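Engineer: Got query_18.txt for you, compact mmCIF, C-alpha atoms and all ligand atoms:
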```txt
# COMPACT_ATOMS: atom_id res chain seq x y z
CA MET A 1 -124.13 -41.89 -57.96
CA HIS A 2 -126.53 -39.09 -58.95
CA ARG A 3 -128.56 -39.51 -62.13
CA SER A 4 -129.84 -35.91 -62.33
CA ALA A 5 -128.02 -32.61 -62.68
CA TYR A 6 -129.06 -28.94 -62.63
CA THR A 7 -127.09 -26.03 -64.07
CA HIS A 8 -127.95 -22.46 -63.16
CA VAL A 9 -127.43 -19.87 -65.89
CA PRO A 10 -127.62 -16.51 -64.10
CA PHE A 11 -128.19 -14.00 -66.90
CA CYS A 12 -131.26 -11.90 -67.66
CA ARG A 13 -131.83 -8.80 -69.73
CA HIS A 14 -133.65 -7.13 -66.86
CA ARG A 15 -134.58 -8.20 -63.33
CA CYS A 16 -138.37 -8.58 -63.21
CA GLY A 17 -139.78 -6.84 -60.15
CA TYR A 18 -141.01 -10.05 -58.46
CA CYS A 19 -137.87 -12.11 -59.01
CA ASP A 20 -135.43 -12.97 -56.23
CA PHE A 21 -133.44 -15.61 -58.09
CA THR A 22 -129.66 -15.58 -58.28
CA LEU A 23 -128.85 -13.63 -61.42
CA VAL A 24 -127.25 -10.55 -62.94
CA ALA A 25 -129.26 -8.29 -65.24
CA GLY A 26 -127.54 -6.45 -68.07
CA ARG A 27 -124.16 -8.11 -67.38
CA ASP A 28 -123.85 -10.34 -70.43
CA ASP A 29 -120.16 -9.33 -70.42
CA LEU A 30 -119.68 -11.88 -67.61
CA ALA A 31 -120.81 -14.83 -69.73
CA GLY A 32 -117.28 -15.81 -70.83
CA ARG A 33 -116.01 -15.86 -67.23
CA TYR A 34 -119.10 -17.78 -66.15
CA LEU A 35 -118.51 -20.49 -68.77
CA THR A 36 -114.85 -20.86 -67.83
CA ALA A 37 -115.76 -21.10 -64.13
CA LEU A 38 -118.54 -23.59 -64.84
CA ASP A 39 -116.10 -25.79 -66.73
CA GLN A 40 -113.87 -25.69 -63.67
CA GLU A 41 -116.73 -26.43 -61.27
CA LEU A 42 -117.71 -29.46 -63.34
CA ASN A 43 -114.30 -30.98 -62.64
CA ARG A 44 -115.59 -32.14 -59.28
CA VAL A 45 -117.80 -34.66 -61.09
CA ALA A 46 -115.16 -35.98 -63.47
CA PRO A 47 -112.18 -34.75 -65.48
CA PRO A 48 -113.10 -33.73 -69.03
CA THR A 49 -113.41 -36.83 -71.19
CA PRO A 50 -114.75 -37.11 -74.75
CA GLY A 51 -118.22 -38.61 -74.50
CA GLY A 52 -118.51 -37.95 -70.72
CA ARG A 53 -118.17 -40.47 -67.91
CA VAL A 54 -121.16 -40.05 -65.63
CA GLU A 55 -124.53 -41.16 -66.97
CA LEU A 56 -127.57 -38.92 -66.46
CA ASP A 57 -131.29 -39.58 -66.73
CA THR A 58 -132.17 -35.91 -66.46
CA LEU A 59 -130.36 -32.63 -67.06
CA PHE A 60 -132.03 -29.29 -66.40
CA LEU A 61 -130.73 -25.86 -67.38
CA GLY A 62 -132.52 -23.15 -65.43
CA GLY A 63 -131.95 -19.57 -64.46
CA GLY A 64 -131.91 -16.72 -64.86
CA THR A 65 -132.40 -17.24 -68.54
CA PRO A 66 -130.28 -19.95 -70.19
CA THR A 67 -131.35 -18.65 -73.61
CA ARG A 68 -129.76 -15.31 -72.79
CA LEU A 69 -126.47 -16.98 -73.81
CA ASP A 70 -125.72 -16.63 -77.51
CA GLY A 71 -125.24 -19.60 -79.85
CA PRO A 72 -121.48 -20.12 -79.43
CA GLN A 73 -121.83 -19.65 -75.65
CA LEU A 74 -124.55 -22.31 -75.49
CA ASP A 75 -122.30 -24.63 -77.50
CA ARG A 76 -119.54 -24.04 -74.90
CA LEU A 77 -121.94 -24.76 -72.07
CA PHE A 78 -123.08 -28.08 -73.55
CA ASP A 79 -119.53 -29.00 -74.44
CA ALA A 80 -118.46 -28.50 -70.79
CA LEU A 81 -121.41 -30.57 -69.55
CA PHE A 82 -121.05 -33.38 -72.07
CA ARG A 83 -117.35 -33.82 -71.41
CA ARG A 84 -118.37 -34.96 -67.89
CA TYR A 85 -121.83 -36.36 -68.47
CA ARG A 86 -123.32 -38.68 -71.03
CA LEU A 87 -127.04 -39.15 -71.46
CA ALA A 88 -128.75 -42.46 -70.69
CA GLU A 89 -131.10 -43.87 -73.31
CA GLY A 90 -134.27 -41.74 -73.27
CA ALA A 91 -132.78 -39.09 -70.96
CA GLU A 92 -134.70 -35.85 -70.47
CA VAL A 93 -132.81 -32.60 -71.18
CA THR A 94 -134.76 -29.45 -70.32
CA VAL A 95 -133.89 -25.83 -70.98
CA GLU A 96 -135.85 -22.89 -69.57
CA ALA A 97 -136.37 -20.33 -72.31
CA ASN A 98 -137.60 -16.77 -72.60
CA PRO A 99 -140.11 -16.49 -75.48
CA SER A 100 -138.40 -13.40 -76.88
CA ASP A 101 -135.10 -15.27 -77.27
CA ILE A 102 -136.56 -18.01 -79.46
CA THR A 103 -135.24 -18.14 -83.02
CA PRO A 104 -134.96 -21.09 -85.43
CA ASP A 105 -131.16 -20.96 -85.01
CA LEU A 106 -131.37 -21.14 -81.20
CA VAL A 107 -133.85 -24.01 -81.27
CA GLY A 108 -131.66 -25.84 -83.81
CA ARG A 109 -128.61 -25.50 -81.54
CA LEU A 110 -130.54 -26.71 -78.51
CA ALA A 111 -131.96 -29.70 -80.36
CA ASP A 112 -128.56 -30.56 -81.88
CA ALA A 113 -127.07 -30.50 -78.38
CA GLY A 114 -129.65 -33.04 -77.17
CA VAL A 115 -132.28 -30.78 -75.59
CA ASN A 116 -135.65 -32.51 -75.87
CA ARG A 117 -137.79 -30.42 -73.53
CA VAL A 118 -138.31 -26.65 -73.39
CA SER A 119 -139.91 -24.84 -70.49
CA LEU A 120 -141.18 -21.56 -71.86
CA GLY A 121 -141.65 -18.55 -69.55
CA VAL A 122 -144.98 -17.40 -71.02
CA GLN A 123 -146.40 -16.25 -67.63
CA SER A 124 -149.64 -14.79 -69.02
CA PHE A 125 -151.74 -14.26 -72.13
CA ASP A 126 -153.00 -11.00 -70.69
CA ALA A 127 -151.01 -8.00 -71.98
CA ALA A 128 -151.70 -5.98 -68.82
CA ALA A 129 -150.43 -8.80 -66.56
CA LEU A 130 -147.29 -9.13 -68.69
CA THR A 131 -146.67 -5.40 -68.33
CA THR A 132 -147.11 -5.63 -64.56
CA LEU A 133 -144.72 -8.58 -64.47
CA GLU A 134 -142.23 -6.54 -66.55
CA ARG A 135 -141.92 -9.23 -69.21
CA ASP A 136 -140.58 -8.37 -72.64
CA HIS A 137 -142.92 -10.38 -74.89
CA ALA A 138 -146.54 -9.97 -76.01
CA PRO A 139 -149.26 -12.64 -75.76
CA THR A 140 -149.54 -12.64 -79.55
CA ASP A 141 -145.89 -13.76 -79.86
CA ILE A 142 -146.52 -17.13 -78.23
CA PRO A 143 -148.19 -19.14 -81.03
CA ARG A 144 -145.30 -18.29 -83.41
CA VAL A 145 -142.70 -19.00 -80.70
CA LEU A 146 -144.28 -22.35 -79.95
CA GLU A 147 -144.37 -23.27 -83.61
CA THR A 148 -140.66 -22.43 -83.93
CA VAL A 149 -139.76 -24.60 -80.92
CA ARG A 150 -141.90 -27.50 -82.08
CA ARG A 151 -140.20 -27.72 -85.45
CA ARG A 152 -137.38 -29.45 -83.57
CA ILE A 153 -138.53 -30.06 -79.96
CA ASP A 154 -142.06 -31.28 -79.39
CA ASN A 155 -142.06 -31.51 -75.58
CA VAL A 156 -142.91 -27.98 -74.48
CA SER A 157 -144.06 -26.79 -71.07
CA LEU A 158 -145.64 -23.38 -70.56
CA ASP A 159 -145.02 -21.56 -67.26
CA LEU A 160 -147.91 -19.38 -66.10
CA ILE A 161 -148.34 -17.04 -63.13
CA TYR A 162 -151.62 -16.19 -61.39
CA ALA A 163 -152.65 -13.75 -58.65
CA VAL A 164 -150.89 -10.92 -60.48
CA PRO A 165 -151.92 -7.46 -59.18
CA GLY A 166 -154.86 -6.27 -61.28
CA GLN A 167 -155.69 -9.77 -62.51
CA ASP A 168 -159.14 -11.22 -61.86
CA LEU A 169 -160.43 -14.77 -62.16
CA ARG A 170 -161.82 -14.18 -65.63
CA SER A 171 -158.45 -12.95 -66.94
CA TRP A 172 -156.66 -15.97 -65.38
CA GLU A 173 -159.18 -18.38 -66.89
CA ALA A 174 -158.63 -16.74 -70.27
CA THR A 175 -154.88 -17.25 -69.86
CA LEU A 176 -155.37 -20.91 -68.99
CA ASP A 177 -157.67 -21.40 -71.97
CA ALA A 178 -155.26 -19.66 -74.35
CA ALA A 179 -152.42 -21.85 -73.07
CA LEU A 180 -154.47 -25.06 -73.37
CA ALA A 181 -155.61 -24.12 -76.90
CA LEU A 182 -151.95 -24.27 -77.95
CA GLU A 183 -151.82 -27.91 -76.79
CA PRO A 184 -148.56 -27.88 -74.82
CA SER A 185 -147.37 -31.15 -73.28
CA HIS A 186 -147.11 -29.61 -69.80
CA LEU A 187 -148.25 -26.60 -67.79
CA SER A 188 -146.71 -25.13 -64.64
CA THR A 189 -148.98 -22.72 -62.75
CA TYR A 190 -147.51 -20.59 -59.97
CA GLY A 191 -149.17 -18.11 -57.65
CA LEU A 192 -147.21 -14.85 -57.59
CA THR A 193 -145.28 -14.44 -54.35
CA PHE A 194 -143.83 -11.26 -52.91
CA GLU A 195 -140.33 -11.99 -51.65
CA LYS A 196 -138.60 -9.67 -49.24
CA GLY A 197 -135.94 -7.61 -51.01
CA THR A 198 -137.70 -7.53 -54.38
CA ALA A 199 -139.05 -4.38 -56.02
CA PHE A 200 -142.55 -5.89 -55.82
CA TRP A 201 -142.22 -6.30 -52.05
CA SER A 202 -141.48 -2.58 -51.66
CA ARG A 203 -144.13 -1.54 -54.17
CA ARG A 204 -146.77 -3.55 -52.31
CA ARG A 205 -145.73 -1.95 -49.03
CA ARG A 206 -146.13 1.48 -50.63
CA GLY A 207 -149.60 0.48 -51.83
CA GLU A 208 -148.61 0.63 -55.51
CA LEU A 209 -149.39 -3.03 -56.08
CA ILE A 210 -152.60 -4.54 -54.76
CA THR A 211 -152.84 -8.32 -54.64
CA PRO A 212 -156.13 -10.02 -55.56
CA PRO A 213 -158.28 -10.90 -52.52
CA GLU A 214 -157.71 -14.30 -50.89
CA GLU A 215 -160.99 -15.80 -52.21
CA SER A 216 -160.05 -14.74 -55.70
CA GLU A 217 -156.59 -16.33 -55.39
CA ARG A 218 -158.22 -19.52 -54.14
CA ALA A 219 -160.58 -19.55 -57.11
CA MET A 220 -157.60 -19.03 -59.42
CA TYR A 221 -155.81 -22.05 -57.93
CA ALA A 222 -158.99 -24.09 -58.34
CA ALA A 223 -159.14 -23.05 -62.01
CA ALA A 224 -155.46 -23.99 -62.38
CA MET A 225 -156.38 -27.50 -61.25
CA ASP A 226 -159.69 -27.90 -63.04
CA ARG A 227 -159.18 -26.39 -66.50
CA PRO A 228 -156.08 -28.43 -67.43
CA ALA A 229 -157.79 -31.55 -66.03
CA ALA A 230 -160.80 -30.96 -68.28
CA ALA A 231 -158.40 -30.70 -71.24
CA GLY A 232 -156.82 -34.11 -70.55
CA PHE A 233 -153.93 -33.06 -68.30
CA HIS A 234 -153.16 -34.82 -65.09
CA GLN A 235 -152.01 -32.84 -62.05
CA TYR A 236 -149.02 -34.70 -60.66
CA GLU A 237 -147.75 -31.97 -58.34
CA LEU A 238 -149.14 -28.87 -56.64
CA SER A 239 -148.26 -26.62 -59.59
CA SER A 240 -147.59 -29.12 -62.39
CA HIS A 241 -149.95 -30.56 -64.99
CA ALA A 242 -148.92 -32.94 -67.76
CA ARG A 243 -150.33 -34.91 -70.61
CA PRO A 244 -149.85 -38.63 -69.97
CA GLY A 245 -146.13 -39.49 -69.96
CA ARG A 246 -145.04 -35.84 -70.15
CA GLU A 247 -144.38 -35.22 -66.45
CA CYS A 248 -141.06 -33.46 -65.82
CA ARG A 249 -138.77 -36.32 -64.87
CA HIS A 250 -136.14 -33.99 -63.46
CA ASN A 251 -138.52 -32.38 -60.98
CA ARG A 252 -140.05 -35.74 -60.13
CA ALA A 253 -136.60 -37.01 -59.14
CA TYR A 254 -136.26 -33.98 -56.86
CA TRP A 255 -139.67 -34.50 -55.20
CA CYS A 256 -138.88 -38.21 -54.76
CA GLY A 257 -135.76 -37.27 -52.80
CA ASP A 258 -133.27 -38.68 -55.30
CA ASP A 259 -129.67 -37.43 -55.31
CA PHE A 260 -128.87 -34.66 -57.78
CA GLU A 261 -125.87 -32.50 -58.65
CA ALA A 262 -126.07 -28.75 -59.17
CA PHE A 263 -123.73 -26.18 -60.69
CA GLY A 264 -123.59 -22.41 -61.04
CA PRO A 265 -124.20 -19.56 -58.59
CA GLY A 266 -126.77 -20.25 -55.89
CA ALA A 267 -127.27 -23.86 -56.95
CA ALA A 268 -127.67 -26.52 -54.23
CA ASN A 269 -127.11 -30.24 -54.67
CA LEU A 270 -128.12 -33.26 -52.60
CA ILE A 271 -125.73 -36.18 -52.50
CA ASP A 272 -125.90 -39.01 -49.93
CA GLY A 273 -128.01 -36.94 -47.55
CA VAL A 274 -125.74 -33.88 -47.65
CA ARG A 275 -126.89 -30.64 -49.24
CA ARG A 276 -124.16 -28.29 -50.40
CA THR A 277 -125.04 -24.80 -51.60
CA ASN A 278 -122.96 -22.63 -53.92
CA HIS A 279 -122.21 -18.98 -53.22
CA ARG A 280 -125.42 -17.11 -53.95
CA GLY A 281 -123.83 -14.06 -55.57
CA VAL A 282 -122.85 -14.39 -59.21
CA LEU A 283 -119.60 -12.46 -58.66
CA GLY A 284 -118.95 -14.23 -55.35
CA TRP A 285 -119.33 -17.61 -57.04
CA LEU A 286 -117.12 -16.52 -59.95
CA LYS A 287 -114.37 -15.26 -57.67
CA ARG A 288 -114.33 -18.39 -55.54
CA VAL A 289 -114.13 -20.72 -58.53
CA GLU A 290 -111.55 -18.52 -60.29
CA ALA A 291 -109.40 -18.56 -57.13
CA GLY A 292 -109.50 -22.36 -57.16
CA GLU A 293 -111.71 -22.46 -54.05
CA SER A 294 -114.76 -24.62 -53.58
CA SER A 295 -117.95 -23.05 -54.93
CA TRP A 296 -119.79 -24.39 -51.86
CA VAL A 297 -120.38 -22.00 -48.99
CA GLU A 298 -122.84 -24.11 -46.99
CA GLU A 299 -122.96 -27.75 -46.13
CA GLU A 300 -125.99 -29.22 -44.42
CA ARG A 301 -125.76 -32.77 -43.18
CA LEU A 302 -129.29 -33.58 -42.15
CA ALA A 303 -129.92 -35.86 -39.19
CA PRO A 304 -131.95 -38.93 -40.24
CA GLU A 305 -135.18 -37.62 -38.71
CA ASP A 306 -134.80 -34.15 -40.26
CA ARG A 307 -134.10 -35.76 -43.61
CA ALA A 308 -137.23 -37.89 -43.27
CA ARG A 309 -139.36 -34.84 -42.40
CA GLU A 310 -137.94 -32.95 -45.36
CA LEU A 311 -138.82 -35.87 -47.60
CA VAL A 312 -142.40 -35.75 -46.29
CA MET A 313 -142.60 -32.14 -47.51
CA LEU A 314 -141.16 -32.96 -50.92
CA ASN A 315 -143.30 -36.08 -51.36
CA LEU A 316 -146.49 -34.28 -50.33
CA ARG A 317 -146.08 -31.93 -53.29
CA ARG A 318 -146.77 -34.94 -55.53
CA THR A 319 -150.27 -36.21 -56.21
CA GLU A 320 -149.23 -39.69 -55.05
CA GLY A 321 -147.99 -38.15 -51.79
CA VAL A 322 -145.78 -40.10 -49.39
CA GLU A 323 -145.65 -43.72 -50.52
CA ARG A 324 -145.36 -45.87 -47.43
CA GLU A 325 -142.88 -48.50 -48.60
CA ASP A 326 -140.66 -46.17 -50.60
CA PHE A 327 -140.54 -43.72 -47.69
CA GLN A 328 -139.54 -46.40 -45.18
CA GLN A 329 -136.91 -47.74 -47.55
CA ARG A 330 -135.38 -44.30 -48.14
CA THR A 331 -135.50 -43.00 -44.57
CA GLY A 332 -135.81 -46.00 -42.20
CA PHE A 333 -138.92 -44.37 -40.67
CA ALA A 334 -142.51 -45.53 -40.84
CA ILE A 335 -144.61 -42.51 -41.79
CA GLU A 336 -147.09 -42.98 -38.91
CA GLY A 337 -144.31 -43.49 -36.39
CA LEU A 338 -142.74 -40.22 -37.47
CA LEU A 339 -145.82 -38.01 -37.72
CA LEU A 340 -148.65 -39.69 -35.91
CA GLY A 341 -150.19 -36.90 -33.78
CA ASP A 342 -149.76 -34.26 -36.49
CA LEU A 343 -151.01 -36.62 -39.14
CA GLU A 344 -154.20 -37.36 -37.24
CA GLU A 345 -154.78 -33.66 -36.72
CA GLN A 346 -154.32 -32.78 -40.40
CA GLU A 347 -156.54 -35.73 -41.31
CA SER A 348 -159.28 -34.55 -38.98
CA LEU A 349 -159.07 -31.11 -40.59
CA GLY A 350 -159.62 -32.79 -43.96
CA PHE A 351 -156.24 -31.75 -45.38
CA VAL A 352 -154.64 -35.20 -45.74
CA THR A 353 -155.90 -38.67 -46.41
CA ARG A 354 -154.28 -42.04 -45.62
CA ASP A 355 -154.60 -45.57 -46.98
CA ASP A 356 -152.43 -48.65 -47.47
CA ALA A 357 -150.42 -46.93 -50.20
CA GLY A 358 -149.52 -43.87 -48.16
CA VAL A 359 -150.44 -40.31 -47.21
CA ARG A 360 -151.62 -37.63 -49.61
CA LEU A 361 -152.94 -34.09 -49.56
CA THR A 362 -156.67 -33.89 -50.25
CA ARG A 363 -157.91 -31.35 -52.76
CA GLU A 364 -158.70 -29.07 -49.81
CA GLY A 365 -155.20 -29.69 -48.46
CA ARG A 366 -153.64 -28.43 -51.70
CA PHE A 367 -155.07 -24.96 -51.05
CA VAL A 368 -153.25 -24.80 -47.71
CA ALA A 369 -150.27 -26.98 -48.60
CA ASP A 370 -147.65 -24.71 -47.02
CA GLY A 371 -149.44 -24.81 -43.66
CA VAL A 372 -149.89 -28.59 -43.75
CA MET A 373 -146.23 -29.11 -44.55
CA ALA A 374 -145.17 -26.73 -41.80
CA ALA A 375 -147.18 -28.82 -39.33
CA PHE A 376 -145.04 -31.84 -40.21
CA LEU A 377 -141.65 -30.12 -39.82
S1 LIG B 401 -136.70 -13.44 -66.70
FE1 LIG B 401 -137.19 -14.95 -65.08
S2 LIG B 401 -135.26 -15.30 -63.99
FE2 LIG B 401 -135.00 -13.41 -65.22
S3 LIG B 401 -135.51 -11.74 -63.82
FE3 LIG B 401 -137.39 -12.25 -64.94
S4 LIG B 401 -138.43 -13.78 -63.63
FE4 LIG B 401 -136.30 -13.64 -62.91
```
Can the structure in the file be given as structure tokens, please?
Ligand code: SF4

Structural biologist:
Amino acid sequence: MHRSAYTHVPFCRHRCGYCDFTLVAGRDDLAGRYLTALDQELNRVAPPTPGGRVELDTLFLGGGTPTRLDGPQLDRLFDALFRRYRLAEGAEVTVEANPSDITPDLVGRLADAGVNRVSLGVQSFDAAALTTLERDHAPTDIPRVLETVRRRIDNVSLDLIYAVPGQDLRSWEATLDAALALEPSHLSTYGLTFEKGTAFWSRRRRGELITPPEESERAMYAAAMDRPAAAGFHQYELSSHARPGRECRHNRAYWCGDDFEAFGPGAANLIDGVRRTNHRGVLGWLKRVEAGESSWVEEERLAPEDRARELVMLNLRRTEGVEREDFQQRTGFAIEGLLLGDLEEQESLGFVTRDDAGVRLTREGRFVADGVMAAFL
């Protein structure tokens, strides 16, 4: 039985130009239908029962913007979840939040519902980068926002984005320093990507957005590793840095290859080696669930070897990499038997290292992680 669950809340005020997530912007009128459909989708886990039946170690509400829901809507959402799920002792409950949505009332509702971790979409402390990213808060808002959250929830992660058009290394370092000065428990640092179909993709093609040069992006990733480390954080994943004991348990479960459930438009679960993906359109998902149909539109039953290779990719994201014994236990494959030639090649290039415990990316390998992982597929 899964011990982790994800719920996708697909509402945003505005679609930021770089974002290709499943969401609707400016359609808060759909929230009531979404909550009714979500309640229905949750029936596949268990019928509604006071106190919930299925025990969870981690619950993650992501989006979109979960905090786009108003107070009563959030109460409905948690009520639907906690009539199927109950939380294990010490469970982690994370909500992604937009800084401009944070109020004492919202934080109080989240904390009362059991939320004990907030992932705050800060993105940058540089006003120009925030404007480019089309975000609706100012850098000067963040200290007050953080203080409001911490009155009830002390485990706060800040999400930051680097390699924003117009941003240089100095500006990114200043953002990292400003974030670290606020002493969060966790930092997530993502390089901006240009996904096909987004406004940013088209604007880059038209020459309106110029990405920082490759060497500059590399230096920014190096700073994302080194500055948090110097401030007492430990990098436990390619983009994730935590104070001791503050790693995101939900994401760790995902990178370990544990089963997890997932609800809401576009969400994909993994149960007993089968991945099932919900309809990616918000209205498409709504209509299917409202018609009493399954929300799943794709089912992928991975062959044992494909599953093992996928687990290599997930495990390699972690600092501890692929742990030999755990990997063999989960997949039935010995890591060398599965990857030998490719492994030796990546090792000779200096991108991976091996020992009795397992296989890990080197520091150099982290800069080219996508390429290394592709070599193992
Ligand atoms: S707020 Fe986040 S989820 Fe919403 S459009 Fe912007 S980047 Fe995407």

Engineer: May I ask for the distance between atom CA of Ala128 of chain A and atom CA of Thr189 of chain A, given in Å to one decimal place?

Structural biologist: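 Atom CA of Ala128 of chain A sits 18.0 Å away from atom CA of Thr189 of chain A.
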
Engineer: Taking all atoms listed in the file into account, list the residues no farther than 7 Å from ligand LIG 401 (chain B), as number ranges by chain.

Structural biologist: A: 12, 14-16, 18-21, 63-65, 98, 135

Engineer: In Å, rounded to a single decimal, give me how far atom CA of Glu364 of chain A is from atom CA of Arg318 of chain A.

Structural biologist: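 Going from atom CA of Arg318 of chain A over to atom CA of Glu364 of chain A, I get 14.5 Å.
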
Engineer: Quick one: residues within 6 Å of segment 219-236 of chain A, only C-alpha atoms counted, chain neighbours fewer than 5 positions away excluded, as a PDB file with C-alpha atoms, keeping the file's coordinate frame?

Structural biologist:
```
ATOM      1  CA  LEU A 169    -160.430 -14.770 -62.160  1.00  0.00           C
ATOM      2  CA  HIS A 241    -149.950 -30.560 -64.990  1.00  0.00           C
ATOM      3  CA  ALA A 242    -148.920 -32.940 -67.760  1.00  0.00           C
ATOM      4  CA  ARG A 243    -150.330 -34.910 -70.610  1.00  0.00           C
ATOM      5  CA  ARG A 318    -146.770 -34.940 -55.530  1.00  0.00           C
ATOM      6  CA  THR A 319    -150.270 -36.210 -56.210  1.00  0.00           C
TER       7      THR A 319
END
```

Engineer: Taking (-135.4, -34.0, -75.7) in the coordinates of the supplied file, I want to know which residues reach to within 10 Å of it, counting only C-alpha atoms; could you give the answer as an MDAnalysis selection string?

Structural biologist: chainID A and resid 58 90:95 110:118 152:156

Engineer: What is the distance between atom CA of Asp101 of chain A and atom CA of Leu182 of chain A, in Å to one decimal?

Structural biologist: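 Taking atom CA of Asp101 of chain A as the start and atom CA of Leu182 of chain A as the end point, the length is 19.1 Å.
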
Engineer: When you count only C-alpha atoms, which of these residues is closest to Pro10 of chain A: A:Ala181, A:Pro104, A:Trp285, A:Tyr254?

Structural biologist: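 Using only C-alpha atoms, the shortest distance to Pro10 of chain A belongs to A:Trp285.
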
Engineer: So, counting all atoms listed in the file, which residue among A:Phe260, A:Tyr85, A:Trp296, A:Tyr34 is closest to His2 of chain A?

Structural biologist: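 Using all atoms listed in the file, His2 of chain A sits closest to A:Phe260.
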
Engineer: Nearest residue to Lys287 of chain A out of A:Gly257, A:Thr36, A:Glu305, A:Asp355, using all atoms listed in the file?

Structural biologist: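 Under the stated criterion, the closest residue is A:Thr36.
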
Engineer: So which residues touch His8 of chain A within 9 Å, counting only C-alpha atoms, skipping near sequence neighbours fewer than 2 positions away, as a PyMOL selection string?

Structural biologist: chain A and resi 6+10+22+60-66+262-267

Engineer: Mind completing segment 112-117 of chain A with all heavy atoms? Output as a compact mmCIF listing (two decimals), in the frame of the given file, please?

Structural biologist:
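Contents of out-v7.txt, as written:
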```txt
# COMPACT_ATOMS: atom_id res chain seq x y z
N ASP A 112 -129.78 -29.86 -81.48
CA ASP A 112 -128.56 -30.56 -81.88
C ASP A 112 -127.73 -30.97 -80.66
O ASP A 112 -127.03 -31.97 -80.68
CB ASP A 112 -127.70 -29.68 -82.81
CG ASP A 112 -128.35 -29.52 -84.17
OD1 ASP A 112 -129.28 -30.29 -84.49
OD2 ASP A 112 -127.95 -28.60 -84.92
N ALA A 113 -127.83 -30.18 -79.59
CA ALA A 113 -127.07 -30.50 -78.38
C ALA A 113 -127.73 -31.62 -77.57
O ALA A 113 -127.13 -32.15 -76.63
CB ALA A 113 -126.92 -29.26 -77.50
N GLY A 114 -128.98 -31.96 -77.90
CA GLY A 114 -129.65 -33.04 -77.17
C GLY A 114 -130.82 -32.58 -76.32
O GLY A 114 -131.45 -33.39 -75.62
N VAL A 115 -131.13 -31.29 -76.37
CA VAL A 115 -132.28 -30.78 -75.59
C VAL A 115 -133.56 -31.34 -76.19
O VAL A 115 -133.78 -31.26 -77.40
CB VAL A 115 -132.30 -29.23 -75.60
CG1 VAL A 115 -133.55 -28.71 -74.91
CG2 VAL A 115 -131.05 -28.68 -74.95
N ASN A 116 -134.40 -31.94 -75.35
CA ASN A 116 -135.65 -32.51 -75.87
C ASN A 116 -136.87 -32.02 -75.09
O ASN A 116 -137.97 -32.56 -75.23
CB ASN A 116 -135.60 -34.05 -75.87
CG ASN A 116 -135.18 -34.61 -74.53
OD1 ASN A 116 -135.31 -33.93 -73.50
ND2 ASN A 116 -134.67 -35.83 -74.52
N ARG A 117 -136.66 -30.99 -74.26
CA ARG A 117 -137.79 -30.42 -73.53
C ARG A 117 -137.50 -28.94 -73.31
O ARG A 117 -136.39 -28.59 -72.88
CB ARG A 117 -137.97 -31.15 -72.19
CG ARG A 117 -139.17 -30.72 -71.40
CD ARG A 117 -139.41 -31.63 -70.18
NE ARG A 117 -140.62 -31.25 -69.50
CZ ARG A 117 -140.68 -30.30 -68.58
NH1 ARG A 117 -139.58 -29.68 -68.20
NH2 ARG A 117 -141.83 -29.97 -68.03
```
